[in-house]
file data_15.cif (mmCIF, C-alpha atoms and all ligand atoms)
data_start
loop_
_atom_site.label_atom_id
_atom_site.label_comp_id
_atom_site.auth_asym_id
_atom_site.auth_seq_id
_atom_site.Cartn_x
_atom_site.Cartn_y
_atom_site.Cartn_z
CA MET A 1 3.00 -17.06 -6.43
CA VAL A 2 -0.27 -16.67 -4.56
CA THR A 3 -1.55 -20.11 -3.65
CA ASN A 4 -5.23 -19.32 -3.25
CA GLN A 5 -6.68 -16.96 -5.80
CA THR A 6 -10.25 -17.11 -4.45
CA ILE A 7 -11.30 -13.49 -4.34
CA PRO A 8 -13.25 -12.47 -1.23
CA PRO A 9 -15.62 -9.49 -1.41
CA LEU A 10 -14.34 -5.98 -0.76
CA GLU A 11 -14.11 -5.19 2.94
CA ASP A 12 -16.07 -1.95 2.61
CA GLU A 13 -19.05 -0.93 0.53
CA LEU A 14 -19.95 2.62 -0.43
CA GLY A 15 -21.86 3.16 2.85
CA ASP A 16 -18.87 2.10 4.96
CA VAL A 17 -16.56 4.43 3.05
CA LEU A 18 -18.95 7.37 3.44
CA GLU A 19 -19.33 6.69 7.15
CA LYS A 20 -15.55 6.51 7.71
CA ALA A 21 -15.02 9.67 5.67
CA MET A 22 -17.73 11.50 7.66
CA HIS A 23 -16.03 10.53 10.92
CA ARG A 24 -12.70 11.69 9.55
CA ALA A 25 -14.18 15.04 8.50
CA GLY A 26 -16.19 15.40 11.72
CA LEU A 27 -19.44 15.73 9.74
CA THR A 28 -22.93 14.43 10.51
CA ASP A 29 -25.42 13.49 7.81
CA GLU A 30 -27.04 16.91 8.32
CA SER A 31 -23.81 18.92 8.08
CA LEU A 32 -22.63 16.84 5.10
CA ALA A 33 -25.98 17.44 3.39
CA GLU A 34 -25.69 21.15 3.97
CA ARG A 35 -22.17 21.36 2.54
CA SER A 36 -22.60 18.98 -0.38
CA GLY A 37 -26.15 19.78 -1.43
CA VAL A 38 -27.05 16.07 -1.29
CA ARG A 39 -30.17 15.41 0.82
CA ALA A 40 -29.48 13.89 4.26
CA GLY A 41 -32.02 11.12 3.68
CA ARG A 42 -30.15 10.00 0.59
CA ILE A 43 -26.85 9.98 2.49
CA LEU A 44 -28.42 7.90 5.28
CA ASP A 45 -29.85 5.45 2.73
CA ALA A 46 -26.35 4.99 1.29
CA ILE A 47 -24.92 4.37 4.77
CA ASP A 48 -27.67 1.76 5.26
CA TYR A 49 -26.52 0.00 2.05
CA ARG A 50 -29.56 1.24 0.09
CA SER A 51 -27.73 3.70 -2.11
CA ASP A 52 -29.15 5.05 -5.31
CA LEU A 53 -26.91 8.10 -5.31
CA THR A 54 -26.34 9.51 -8.77
CA PRO A 55 -22.83 10.09 -10.15
CA ASP A 56 -23.38 13.82 -9.67
CA GLU A 57 -24.29 13.34 -6.01
CA LEU A 58 -21.30 11.04 -5.51
CA ARG A 59 -19.02 13.66 -7.04
CA ARG A 60 -20.36 16.31 -4.67
CA LEU A 61 -19.91 14.01 -1.68
CA ALA A 62 -16.36 13.16 -2.79
CA ALA A 63 -15.48 16.85 -3.10
CA THR A 64 -16.93 17.69 0.32
CA LEU A 65 -15.31 14.71 2.05
CA GLY A 66 -11.92 14.97 0.28
CA LEU A 67 -12.28 11.57 -1.40
CA ASN A 68 -11.09 10.23 -4.75
CA GLU A 69 -14.15 10.83 -6.91
CA VAL A 70 -13.36 8.19 -9.55
CA GLY A 71 -13.00 5.49 -6.90
CA LEU A 72 -16.10 6.62 -5.01
CA CYS A 73 -18.20 6.57 -8.19
CA ALA A 74 -16.84 3.11 -9.05
CA LEU A 75 -17.79 1.84 -5.57
CA GLY A 76 -21.22 3.47 -5.94
CA ALA A 77 -21.72 1.61 -9.24
CA GLY A 78 -20.57 -1.68 -7.65
CA GLN A 79 -17.65 -1.71 -10.07
CA TYR A 80 -14.56 -0.97 -8.02
CA PRO A 81 -11.60 -2.07 -10.21
CA GLN A 82 -9.72 -5.10 -8.95
CA PRO A 83 -6.36 -5.69 -10.62
CA ALA A 84 -4.85 -8.92 -11.84
CA ILE A 85 -2.36 -10.20 -9.26
CA GLY A 86 0.99 -10.88 -10.89
CA PRO A 87 3.69 -13.38 -9.94
CA LEU A 88 5.96 -13.06 -6.92
CA PRO A 89 9.40 -14.60 -6.29
CA PHE A 90 8.03 -16.43 -3.21
CA CYS A 91 4.83 -18.19 -2.21
CA VAL A 92 2.00 -16.46 -0.36
CA TRP A 93 -0.80 -18.28 1.44
CA PRO A 94 -3.66 -15.92 2.33
CA LEU A 95 -5.30 -17.34 5.46
CA ARG A 96 -8.85 -16.00 5.39
CA MET A 97 -10.78 -16.38 8.62
CA PRO A 98 -14.41 -15.39 9.26
CA HIS A 99 -14.70 -12.26 11.38
CA GLY A 100 -18.10 -10.70 12.09
CA ILE A 101 -19.87 -10.34 8.78
CA GLY A 102 -16.53 -10.23 6.95
CA VAL A 103 -13.15 -11.87 6.90
CA ALA A 104 -9.83 -11.18 8.63
CA ASN A 105 -6.67 -12.17 6.80
CA ALA A 106 -3.35 -13.51 8.02
CA TYR A 107 -0.61 -14.51 5.56
CA LEU A 108 2.11 -17.13 5.36
CA VAL A 109 5.00 -16.25 3.09
CA GLY A 110 7.92 -18.52 2.25
CA GLU A 111 10.05 -20.08 -0.41
CA CYS A 112 7.90 -22.16 -2.78
CA GLY A 113 8.36 -25.88 -2.11
CA SER A 114 9.79 -25.33 1.39
CA ASP A 115 8.03 -26.42 4.59
CA ARG A 116 9.03 -23.19 6.39
CA ALA A 117 7.43 -19.79 6.24
CA VAL A 118 6.98 -16.48 8.02
CA LEU A 119 3.54 -15.71 9.46
CA PHE A 120 2.04 -12.23 9.30
CA ASP A 121 -0.74 -11.72 11.87
CA THR A 122 -2.30 -14.58 13.73
CA GLY A 123 -6.06 -14.18 13.19
CA ALA A 124 -8.40 -14.60 16.14
CA GLY A 125 -6.43 -17.48 17.61
CA ILE A 126 -4.81 -20.79 16.98
CA GLY A 127 -8.13 -22.58 16.34
CA ALA A 128 -9.10 -20.16 13.56
CA LEU A 129 -5.62 -20.48 12.05
CA GLU A 130 -5.64 -24.28 12.14
CA ALA A 131 -8.84 -24.35 10.09
CA VAL A 132 -7.08 -22.64 7.16
CA TRP A 133 -3.46 -23.72 7.69
CA PRO A 134 -1.77 -25.27 4.63
CA ARG A 135 -0.52 -28.80 5.35
CA SER A 136 2.78 -28.17 3.60
CA ILE A 137 3.93 -25.58 6.19
CA ARG A 138 5.35 -27.21 9.31
CA ARG A 139 7.90 -24.70 10.55
CA LEU A 140 7.76 -20.97 11.24
CA ASP A 141 10.88 -18.83 11.05
CA ALA A 142 9.18 -15.75 12.50
CA VAL A 143 5.86 -14.07 13.21
CA PHE A 144 5.12 -10.40 12.55
CA LEU A 145 2.01 -8.57 13.81
CA THR A 146 0.64 -5.52 12.04
CA HIS A 147 -1.32 -4.43 15.12
CA VAL A 148 -2.74 -5.86 18.28
CA GLU A 149 -6.48 -6.29 17.81
CA PRO A 150 -8.41 -9.47 18.60
CA GLU A 151 -8.94 -10.52 14.97
CA HIS A 152 -5.29 -10.01 13.99
CA ALA A 153 -3.23 -10.92 17.05
CA GLY A 154 -5.08 -13.74 18.85
CA GLY A 155 -3.00 -16.58 20.25
CA LEU A 156 0.44 -15.13 19.49
CA CYS A 157 2.04 -16.81 22.51
CA GLU A 158 0.46 -20.19 21.67
CA ILE A 159 1.80 -19.99 18.14
CA VAL A 160 5.27 -19.00 19.34
CA GLU A 161 5.23 -21.98 21.69
CA ARG A 162 3.72 -24.50 19.25
CA PHE A 163 6.23 -23.73 16.48
CA GLU A 164 9.13 -22.83 18.77
CA VAL A 165 9.34 -19.52 16.95
CA GLN A 166 12.60 -17.71 17.66
CA ALA A 167 11.44 -14.28 16.57
CA ALA A 168 8.02 -12.64 17.02
CA PHE A 169 7.85 -8.96 16.12
CA VAL A 170 5.18 -6.42 17.01
CA PRO A 171 4.90 -2.67 16.35
CA GLN A 172 6.82 -0.44 18.72
CA GLY A 173 4.54 0.55 21.59
CA ALA A 174 2.21 -2.44 21.20
CA THR A 175 1.31 -4.40 24.30
CA ALA A 176 1.92 -7.98 23.26
CA PRO A 177 3.54 -10.58 25.45
CA CYS A 178 5.82 -12.89 23.43
CA GLY A 179 6.61 -10.17 20.89
CA ARG A 180 9.53 -7.78 20.60
CA PRO A 181 9.29 -4.35 18.99
CA ALA A 182 10.16 -3.69 15.34
CA GLY A 183 10.30 -0.04 14.31
CA GLU A 184 10.46 2.14 11.21
CA GLY A 185 13.16 1.20 8.70
CA GLU A 186 14.29 -2.00 10.41
CA LYS A 187 15.12 -4.85 8.05
CA LYS A 188 14.91 -8.54 8.93
CA THR A 189 15.99 -11.45 6.77
CA PHE A 190 14.59 -14.98 6.91
CA GLY A 191 15.75 -17.36 4.19
CA PRO A 192 15.21 -15.61 0.86
CA LEU A 193 12.88 -12.98 2.34
CA GLU A 194 13.91 -9.46 3.24
CA ILE A 195 11.31 -7.71 5.36
CA THR A 196 11.32 -3.93 5.83
CA VAL A 197 9.27 -2.32 8.57
CA PHE A 198 7.08 0.75 8.06
CA ALA A 199 5.69 2.21 11.29
CA THR A 200 2.20 3.37 10.36
CA PRO A 201 0.18 4.56 13.37
CA GLY A 202 -3.30 5.86 12.63
CA HIS A 203 -5.75 2.97 12.71
CA ALA A 204 -4.07 2.01 16.00
CA ALA A 205 -1.38 3.83 17.98
CA ALA A 206 0.98 0.93 17.27
CA HIS A 207 0.61 -0.36 13.72
CA ASN A 208 3.19 -1.65 11.22
CA CYS A 209 3.20 -2.52 7.54
CA TYR A 210 5.84 -4.88 6.14
CA LEU A 211 7.41 -4.76 2.68
CA LEU A 212 8.70 -8.12 1.46
CA ARG A 213 11.15 -8.80 -1.31
CA ALA A 214 13.49 -11.60 -2.30
CA PRO A 215 16.70 -9.75 -3.26
CA ALA A 216 18.46 -12.82 -4.67
CA ALA A 217 15.55 -13.99 -6.83
CA ARG A 218 15.89 -13.91 -10.60
CA THR A 219 12.52 -12.20 -10.95
CA GLY A 220 11.37 -9.20 -8.95
CA GLY A 221 8.09 -8.52 -7.24
CA THR A 222 7.28 -7.01 -3.88
CA LEU A 223 4.51 -7.62 -1.37
CA LEU A 224 3.14 -5.17 1.18
CA ILE A 225 1.49 -6.67 4.24
CA SER A 226 -0.68 -3.67 5.00
CA GLY A 227 -2.74 -4.66 8.05
CA ASP A 228 -5.53 -2.12 8.44
CA LEU A 229 -3.68 0.79 6.80
CA VAL A 230 -5.24 0.16 3.40
CA PHE A 231 -7.77 -2.24 1.86
CA ALA A 232 -8.81 -2.71 -1.75
CA GLY A 233 -11.20 0.23 -2.19
CA SER A 234 -10.97 1.54 1.35
CA ALA A 235 -8.81 2.03 4.44
CA GLY A 236 -8.97 1.17 8.11
CA GLY A 237 -10.70 3.72 10.32
CA GLY A 238 -8.37 6.28 11.90
CA TYR A 239 -9.34 5.27 15.41
CA PHE A 240 -6.07 6.50 16.89
CA SER A 241 -5.50 9.44 14.51
CA HIS A 242 -7.28 10.25 11.26
CA GLU A 243 -4.47 12.59 10.26
CA GLN A 244 -1.69 10.06 10.86
CA GLN A 245 -3.69 7.39 9.06
CA ARG A 246 -4.07 9.69 6.05
CA LEU A 247 -0.40 10.72 6.03
CA ASN A 248 0.91 7.16 6.44
CA LEU A 249 -1.40 5.87 3.72
CA ARG A 250 0.05 8.35 1.23
CA ARG A 251 3.62 7.92 2.47
CA VAL A 252 3.70 4.15 2.19
CA LEU A 253 1.89 3.92 -1.16
CA HIS A 254 4.38 6.39 -2.65
CA ALA A 255 7.42 4.80 -0.98
CA VAL A 256 7.09 1.31 -2.48
CA PRO A 257 7.21 0.19 -6.13
CA PRO A 258 3.84 0.77 -7.90
CA ALA A 259 3.57 -2.88 -8.95
CA THR A 260 3.73 -3.98 -5.30
CA ILE A 261 0.96 -6.39 -4.38
CA ILE A 262 -0.96 -5.36 -1.26
CA ALA A 263 -2.03 -8.07 1.17
CA PRO A 264 -4.47 -6.31 3.51
CA GLY A 265 -5.88 -7.31 6.90
CA HIS A 266 -9.36 -7.55 5.37
CA GLY A 267 -10.70 -8.13 1.87
CA PRO A 268 -8.95 -9.15 -1.35
CA LEU A 269 -5.41 -8.59 -2.58
CA THR A 270 -4.83 -5.49 -4.67
CA THR A 271 -1.87 -3.47 -5.98
CA VAL A 272 -0.32 -0.16 -5.06
CA GLU A 273 -0.93 1.32 -8.50
CA ASN A 274 -4.61 0.31 -8.37
CA GLU A 275 -5.12 1.95 -4.99
CA LEU A 276 -3.14 5.08 -5.92
CA ARG A 277 -5.50 5.46 -8.81
CA TYR A 278 -8.86 4.50 -7.35
CA ASN A 279 -8.85 4.20 -3.57
CA PRO A 280 -11.38 6.74 -2.23
CA PHE A 281 -9.07 7.65 0.65
CA VAL A 282 -6.04 8.32 -1.57
CA VAL A 283 -6.15 11.79 -3.07
FE FE A 301 -8.92 -5.31 11.46
#
call {"tool": "encode", "arguments": {"input": "data_15.cif", "output": "C-alpha cells"}}
result
Amino acid sequence: MVTNQTIPPLEDELGDVLEKAMHRAGLTDESLAERSGVRAGRILDAIDYRSDLTPDELRRLAATLGLNEVGLCALGAGQYPQPAIGPLPFCVWPLRMPHGIGVANAYLVGECGSDRAVLFDTGAGIGALEAVWPRSIRRLDAVFLTHVEPEHAGGLCEIVERFEVQAAFVPQGATAPCGRPAGEGEKKTFGPLEITVFATPGHAAAHNCYLLRAPAARTGGTLLISGDLVFAGSAGGGYFSHEQQRLNLRRVLHAVPPATIIAPGHGPLTTVENELRYNPFVV
C-alpha cells in the first residue's frame, strides 16, 4: 500500500529530456539541427520550455538522439502516460522534500501497522526529513542509500545515531561515513522485507537500486527503489558514464517483474512496464 498518493509533477519536461539526450550523444543544437533537419532555433526554444515542436519534428529528433519516439511525442504533447499504482504487500511512505525547483524523494517501507520501517535515502538532512516524517514510524531497522549526493544522502550519520540504526548500507565505492558497502546481488532481510541490491553506476560512479519483495506475503508485488537511474518519463543524467547509465537502465528494467512499481529519487511513482513502453531513454 502506498500511503500518500499525491502525484507530484514529472521530474523532467521535454526540454530537459532533449538536453540530457544531446549531452549523451555529444551533440550541440547546431549539430543536432544538421542531423535531424529540425531548425536549431526550434530546438533551443524546446530546451527553454517554449516548445511547439510538431510530432514530425519530435520523431526526427527521437531518431537522431536514439530516443523512444512514442514517449518523446507524449512528453511533447504534455501527455506522458502515468500508470495506476497497484497494491503492495507492505506499506510505502514517499517522503517528498523540496529540492531546487523540484522535489527529491526518500522512502520508508515497512509492514503495515508496524512502527518500524527501512529508510531509503535520507533527503537533504534530518530537518527536511522531519518535516515529512510519518508519526507512526518510530524505529528504523536499516537505511539504504542509492547514491551520495546532497539531496539524497544528507544527515546519514545523524539518522543512524538518532534511531540507533544497526545497519546503514551505501553503494560499493561510495564515500559515506556511517555506511557500509552493499554490492550487486546481495540480499538483506528486515522483518518481512527482502531487499536485493543492483549496482547501477552511470549517474554516479557509486549508485545502487534496491528491489523489495515480501516473500512470505499472501499477495505479490515488488518495488524498485531506483534513485536517479530512472524517473517517470526520464532518467538521471549520465554524469559518471552515459554508456553505463544506458546499459544499467535496460538491464534493471528487464531483470525485474514488469508489474514492479518504481519509486524514483525524483518525481512520481511509475511502473516498469510503463517505462519499458514509453520512457524516452529506453529503446
Ligand atoms: Fe538526484
call {"tool": "residues_around", "arguments": {"input": "data_15.cif", "residues": "Val283 in chain A", "least_positions_apart": "5", "cutoff": "9 Å", "atoms": "all atoms listed in the file", "output": "mmCIF file with C-alpha atoms, in the frame of the given file"}}
result
data_model
loop_
_atom_site.group_PDB
_atom_site.id
_atom_site.type_symbol
_atom_site.label_atom_id
_atom_site.label_comp_id
_atom_site.auth_asym_id
_atom_site.auth_seq_id
_atom_site.Cartn_x
_atom_site.Cartn_y
_atom_site.Cartn_z
ATOM 1 C CA GLY A 66 -11.920 14.970 0.280
ATOM 2 C CA LEU A 67 -12.280 11.570 -1.400
ATOM 3 C CA ASN A 68 -11.090 10.230 -4.750
ATOM 4 C CA GLU A 69 -14.150 10.830 -6.910
ATOM 5 C CA ARG A 250 0.050 8.350 1.230
ATOM 6 C CA LEU A 276 -3.140 5.080 -5.920
ATOM 7 C CA ARG A 277 -5.500 5.460 -8.810
ATOM 8 C CA TYR A 278 -8.860 4.500 -7.350
#
call {"tool": "atom_distance", "arguments": {"input": "data_15.cif", "atom1": "CA of Arg96 in chain A", "atom2": "CA of Phe163 in chain A"}}
result
20.3 Å
call {"tool": "atom_distance", "arguments": {"input": "data_15.cif", "atom1": "CA of Gly265 in chain A", "atom2": "CA of Pro94 in chain A"}}
result
10.0 Å
call {"tool": "axis_aligned_box", "arguments": {"input": "data_15.cif", "around": "range 108-111 of chain A", "padding_each_side": "6 Å", "output": "lines of an AutoDock Vina configuration file"}}
result
center_x = 6.1
center_y = -18.2
center_z = 2.5
size_x = 19.9
size_y = 15.8
size_z = 17.8
call {"tool": "residues_near_ligand", "arguments": {"input": "data_15.cif", "ligand": "ligand FE 301 (chain A)", "cutoff": "9 Å", "atoms": "all atoms listed in the file", "output": "ChimeraX atom specification"}}
result
/A:104-105,147,149-152,203,227-228,236,265-266
call {"tool": "atom_distance", "arguments": {"input": "data_15.cif", "atom1": "CA of Ile225 in chain A", "atom2": "CA of Ala62 in chain A"}}
result
27.6 Å
call {"tool": "closest_residue", "arguments": {"input": "data_15.cif", "among": "A:Gly100, A:Gly202, A:Gly155, A:Pro89", "to": "Ala216 in chain A", "atoms": "all atoms listed in the file"}}
result
A:Pro89
call {"tool": "residues_near_point", "arguments": {"input": "data_15.cif", "point": "(2.5, -1.8, -6.5)", "cutoff": "9 Å", "atoms": "all atoms listed in the file", "output": "PyMOL selection string"}}
result
chain A and resi 221-224+253+256-262+270-276
call {"tool": "residues_around", "arguments": {"input": "data_15.cif", "residues": "Glu13 in chain A", "least_positions_apart": "4", "cutoff": "12 Å", "atoms": "only C-alpha atoms", "output": "count of residues only"}}
result
29
call {"tool": "residues_around", "arguments": {"input": "data_15.cif", "residues": "Ser241 in chain A", "least_positions_apart": "4", "cutoff": "10 Å", "atoms": "only C-alpha atoms", "output": "number ranges by chain"}}
result
A: 24, 201-205, 237, 245-247
call {"tool": "write_last_selection", "arguments": {"input": "data_15.cif", "atoms": "C-alpha atoms", "output": "PDB file, in the frame of the given file"}}
result
ATOM      1  CA  ARG A  24     -12.700  11.690   9.550  1.00  0.00           C
ATOM      2  CA  PRO A 201       0.180   4.560  13.370  1.00  0.00           C
ATOM      3  CA  GLY A 202      -3.300   5.860  12.630  1.00  0.00           C
ATOM      4  CA  HIS A 203      -5.750   2.970  12.710  1.00  0.00           C
ATOM      5  CA  ALA A 204      -4.070   2.010  16.000  1.00  0.00           C
ATOM      6  CA  ALA A 205      -1.380   3.830  17.980  1.00  0.00           C
ATOM      7  CA  GLY A 237     -10.700   3.720  10.320  1.00  0.00           C
ATOM      8  CA  GLN A 245      -3.690   7.390   9.060  1.00  0.00           C
ATOM      9  CA  ARG A 246      -4.070   9.690   6.050  1.00  0.00           C
ATOM     10  CA  LEU A 247      -0.400  10.720   6.030  1.00  0.00           C
TER      11      LEU A 247
END
call {"tool": "closest_residue", "arguments": {"input": "data_15.cif", "among": "A:Leu145, A:Met1, A:Ala33, A:Val70", "to": "Gly220 in chain A", "atoms": "all atoms listed in the file"}}
result
A:Met1
call {"tool": "residues_around", "arguments": {"input": "data_15.cif", "residues": "Arg135 in chain A", "least_positions_apart": "3", "cutoff": "12 Å", "atoms": "all atoms listed in the file", "output": "list in words"}}
result
Trp93, Leu108, Gly113, Ser114, Asp115, Arg116, Leu129, Glu130, Ala131, Val132, Arg138 and Arg139 of chain A
call {"tool": "residues_around", "arguments": {"input": "data_15.cif", "residues": "Gly185 in chain A", "least_positions_apart": "6", "cutoff": "8 Å", "atoms": "all atoms listed in the file", "output": "JSON, numbers by chain"}}
result
{"A": [196, 197, 198, 199]}
call {"tool": "closest_residue", "arguments": {"input": "data_15.cif", "among": "A:Tyr107, A:Phe190, A:Phe120, A:Phe281", "to": "Met22 in chain A", "atoms": "all atoms listed in the file"}}
result
A:Phe281
call {"tool": "closest_residue", "arguments": {"input": "data_15.cif", "among": "A:Gln82, A:Ser36, A:Thr219, A:Ser31", "to": "Thr64 in chain A", "atoms": "all atoms listed in the file"}}
result
A:Ser36
call {"tool": "closest_residue", "arguments": {"input": "data_15.cif", "among": "A:Leu211, A:Ile43, A:Val143, A:Val38", "to": "Arg180 in chain A", "atoms": "only C-alpha atoms"}}
result
A:Val143
call {"tool": "closest_residue", "arguments": {"input": "data_15.cif", "among": "A:Glu186, A:Leu61, A:Ala206, A:Leu119", "to": "Ala167 in chain A", "atoms": "all atoms listed in the file"}}
result
A:Leu119
call {"tool": "decode", "arguments": {"input": "data_15.cif", "residues": "range 144-173 of chain A", "atoms": "C-alpha atoms", "output": "PDB file, in the first residue's frame"}}
result
ATOM      1  CA  PHE A 144      19.964   2.224   2.364  1.00  0.00           C
ATOM      2  CA  LEU A 145      21.395   4.974   0.144  1.00  0.00           C
ATOM      3  CA  THR A 146      21.045   4.890  -3.626  1.00  0.00           C
ATOM      4  CA  HIS A 147      23.907   7.351  -4.111  1.00  0.00           C
ATOM      5  CA  VAL A 148      25.768  10.006  -2.215  1.00  0.00           C
ATOM      6  CA  GLU A 149      24.544  13.390  -3.422  1.00  0.00           C
ATOM      7  CA  PRO A 150      23.441  16.221  -1.136  1.00  0.00           C
ATOM      8  CA  GLU A 151      19.708  15.854  -1.832  1.00  0.00           C
ATOM      9  CA  HIS A 152      19.695  12.079  -1.281  1.00  0.00           C
ATOM     10  CA  ALA A 153      22.271  11.389   1.420  1.00  0.00           C
ATOM     11  CA  GLY A 154      22.232  14.373   3.802  1.00  0.00           C
ATOM     12  CA  GLY A 155      22.475  13.646   7.518  1.00  0.00           C
ATOM     13  CA  LEU A 156      23.050   9.882   7.272  1.00  0.00           C
ATOM     14  CA  CYS A 157      25.159   9.801  10.443  1.00  0.00           C
ATOM     15  CA  GLU A 158      22.605  11.867  12.396  1.00  0.00           C
ATOM     16  CA  ILE A 159      19.847   9.487  11.385  1.00  0.00           C
ATOM     17  CA  VAL A 160      21.917   6.427  12.286  1.00  0.00           C
ATOM     18  CA  GLU A 161      22.577   7.970  15.694  1.00  0.00           C
ATOM     19  CA  ARG A 162      19.045   9.253  16.337  1.00  0.00           C
ATOM     20  CA  PHE A 163      17.394   5.901  15.557  1.00  0.00           C
ATOM     21  CA  GLU A 164      20.280   3.725  16.749  1.00  0.00           C
ATOM     22  CA  VAL A 165      20.266   2.104  13.324  1.00  0.00           C
ATOM     23  CA  GLN A 166      22.252  -1.123  13.277  1.00  0.00           C
ATOM     24  CA  ALA A 167      22.704  -1.297   9.527  1.00  0.00           C
ATOM     25  CA  ALA A 168      23.293   1.538   7.033  1.00  0.00           C
ATOM     26  CA  PHE A 169      24.186   0.456   3.518  1.00  0.00           C
ATOM     27  CA  VAL A 170      25.699   2.506   0.707  1.00  0.00           C
ATOM     28  CA  PRO A 171      26.814   1.587  -2.817  1.00  0.00           C
ATOM     29  CA  GLN A 172      30.225  -0.017  -3.097  1.00  0.00           C
ATOM     30  CA  GLY A 173      32.812   2.704  -3.684  1.00  0.00           C
TER      31      GLY A 173
END
